[in-house]
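Below: the structure, in structure tokens.
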Amino acid sequence: MENELEMKASVQPGAVERPFVSPWVAIGLGVAAVSSASVFVRLSSAPPLVIATWRMGLATLMLAPFALVRGGREMLAMGRRDLALSLLAGGFLAVHFGAWMTSLSHTSVASSVVLVTMHPLFVMLASRLFFGESAAGGAVAGAVIAVVGSAVIGLGDSAAGGSALFGDLLALLSALMFAGYVIVGRGVRQRLSVAPYAFVVYGMCSLVLVLTCLAGRVRVYPYSTRDYVLFLALAAVPTILGHTVFNWALRYVSASVISVSVLGEPVGATLLAMALLKETPPATAVTGGILVIMGISLFSVFSARTPAGRAEQ
């Protein structure tokens with residue numbers, strides 16, 4: 001009994017177990033995965049809300065075996081606070097996807113992606129307020145360079161007109177919601193495994209999107225076989241291999257690291273568009289892409305020297 005007490009006493013509060021793979025490697029793979037999202041969306045003929053609904057619904061089903069079988073006990077033991085926060089994160093994610101995909105129907109892809117990638121500024125501010133995570137000067141400089149690079153990418157495809165302005169506002173709303181989603185996840189993931197957490201978040205996100213489609217009288221089915229294949233691809237690649245990997249990494253790195261790393265998405269999306277959609281990027285996209293990579297590299301180096309933050313108990 002004394003030995004058991006000594007072992008418990010030796011565990012540091014807030015200590016996080018060693019990951020089986022480097023979070024930095026996982027984040028890199030996640031960025032590559034989410035970069036495919038815009039291409040899949042462009043290839044689909046379904047309305048934006050329908051694409052988002054099928055994407056998250058299928059992703060929830062894919063996670064179900066891991067969450068219910070392997071993480072069933074953990075889900076049953078989930079406290080009210082963690083459940084409420086997970087549902088809140090799901091709500092944030094639903095608005096993020098709904099607003100972003102709808103913005104693509106009103107403004108240019110480049111302008112939408114640029115405005116969505118403003119979320120690191122929201123995340124860094126919120127991380128300091130809620131988690132006391134201070135960013136080193138070099139990390140802040142890297143974040144600024146990355147955001148500037150994203151802005152440069154959009155200069156070659158500026159939006160104009162009333163409808164475009166509405167799309168820009170939707171993209172900004174999407175950025176704010178993504179920041180809230182990452183911040184909430186940073187707190188909950190210190191206590192919950194990734195499968196139960198992501199299952200609740202994706203499930204809530206799917207429910208909100210379905211209700212939104214029903215309220216707006218948007219037809220959820222039927223669609224072409226091609227669209228269903230694209231829905232499945234969106235669920236498997238940018239969601240399971242992208243967002244779920246980010247949720248896993250939130251246990252080991254700060255929310256700001258995830259938020260800034262996602263700025264690599266415009267670069268990956270541009271390369272995929274060149275290969276699959278035969279779209280040649282303008283000089284501004286190339287210049288901005290270089291700045292984004294420089295900014296992410298600088299931010300990652302300085303963030304790696306700073307503890308990710310204290311885990312909540």
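Following the order of the structure tokens, chains are lettered A, B, ..., residues in each are numbered from 1, and ligands are numbered from 1.
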
- Message: At a cut-off of 10 Å, using only C-alpha atoms, what residues contact region 30-37 of chain A? Leave out same-chain residues fewer than 3 positions from it and give the result as a VMD selection string.
- Response: chain A and resid 24 to 27 40 to 42 230 233 to 246 249 258 261 to 273

Would you mind listing, for every residue of region 71-124 of chain A within 7 Å of region 193-216 of chain A, the two atoms forming the shortest contact and the distance between them in Å to one decimal, using only C-alpha atoms, sorted by chain and ascending residue number, as a Markdown table?
```
| residue | atom | partner | partner_atom | distance |
| --- | --- | --- | --- | --- |
| A:Gly71 | CA | A:Pro196 | CA | 5.9 |
| A:Met75 | CA | A:Pro196 | CA | 6.0 |
| A:Ser86 | CA | A:Val201 | CA | 5.5 |
| A:Leu87 | CA | A:Val201 | CA | 5.8 |
| A:Ala89 | CA | A:Val201 | CA | 6.0 |
| A:Gly90 | CA | A:Val201 | CA | 4.1 |
| A:Gly91 | CA | A:Cys205 | CA | 5.5 |
| A:Leu93 | CA | A:Cys205 | CA | 6.1 |
| A:Ala94 | CA | A:Cys205 | CA | 4.6 |
```

- Query: A:Leu298, A:Leu291, A:Val144, A:Leu192: which is nearest Glu74 (chain A), counting only C-alpha atoms?
  - Reply: A:Leu192

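Our summary of the geometry notes that CA of Leu165 (chain A) is positioned 28.2 Å from CA of Ile293 (chain A).
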
Could you list, as a PDB file with N, CA and C atoms, in the first residue's frame, every residue within 8 Å of Asp168 (chain A), counting only C-alpha atoms and ignoring same-chain residues fewer than 2 positions away?
```pdb
ATOM      1  N   SER A 103     -18.786  30.506 -48.066  1.00  0.00           N
ATOM      2  CA  SER A 103     -18.037  31.668 -48.557  1.00  0.00           C
ATOM      3  C   SER A 103     -17.454  31.408 -49.938  1.00  0.00           C
ATOM      4  N   THR A 107     -17.207  34.407 -52.795  1.00  0.00           N
ATOM      5  CA  THR A 107     -15.949  35.082 -53.048  1.00  0.00           C
ATOM      6  C   THR A 107     -14.958  34.088 -53.646  1.00  0.00           C
ATOM      7  N   SER A 111      -9.241  34.395 -51.799  1.00  0.00           N
ATOM      8  CA  SER A 111      -9.644  35.363 -50.782  1.00  0.00           C
ATOM      9  C   SER A 111     -10.220  34.662 -49.557  1.00  0.00           C
ATOM     10  N   SER A 112     -11.028  33.624 -49.789  1.00  0.00           N
ATOM     11  CA  SER A 112     -11.635  32.887 -48.681  1.00  0.00           C
ATOM     12  C   SER A 112     -10.574  32.213 -47.822  1.00  0.00           C
ATOM     13  N   LEU A 115      -8.534  34.770 -45.702  1.00  0.00           N
ATOM     14  CA  LEU A 115      -9.240  35.296 -44.533  1.00  0.00           C
ATOM     15  C   LEU A 115      -9.423  34.237 -43.460  1.00  0.00           C
ATOM     16  N   ALA A 164     -19.319  39.417 -52.890  1.00  0.00           N
ATOM     17  CA  ALA A 164     -17.961  39.046 -52.492  1.00  0.00           C
ATOM     18  C   ALA A 164     -17.673  39.509 -51.066  1.00  0.00           C
ATOM     19  N   LEU A 165     -18.179  40.685 -50.712  1.00  0.00           N
ATOM     20  CA  LEU A 165     -17.981  41.188 -49.352  1.00  0.00           C
ATOM     21  C   LEU A 165     -18.657  40.272 -48.343  1.00  0.00           C
ATOM     22  N   PHE A 166     -19.846  39.773 -48.675  1.00  0.00           N
ATOM     23  CA  PHE A 166     -20.543  38.828 -47.802  1.00  0.00           C
ATOM     24  C   PHE A 166     -19.723  37.558 -47.632  1.00  0.00           C
ATOM     25  N   LEU A 170     -18.083  35.908 -44.190  1.00  0.00           N
ATOM     26  CA  LEU A 170     -18.271  34.508 -43.808  1.00  0.00           C
ATOM     27  C   LEU A 170     -16.924  33.835 -43.537  1.00  0.00           C
ATOM     28  N   ALA A 171     -15.921  34.143 -44.361  1.00  0.00           N
ATOM     29  CA  ALA A 171     -14.596  33.567 -44.171  1.00  0.00           C
ATOM     30  C   ALA A 171     -13.983  34.024 -42.847  1.00  0.00           C
ATOM     31  N   LEU A 172     -14.180  35.294 -42.500  1.00  0.00           N
ATOM     32  CA  LEU A 172     -13.679  35.803 -41.218  1.00  0.00           C
ATOM     33  C   LEU A 172     -14.391  35.120 -40.052  1.00  0.00           C
TER      34      LEU A 172
END
```

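Using only C-alpha atoms, the nearest neighbour of Phe122 (chain A) within the list A:Met294, A:Val188, A:Ala275, A:Leu176 is A:Leu176.
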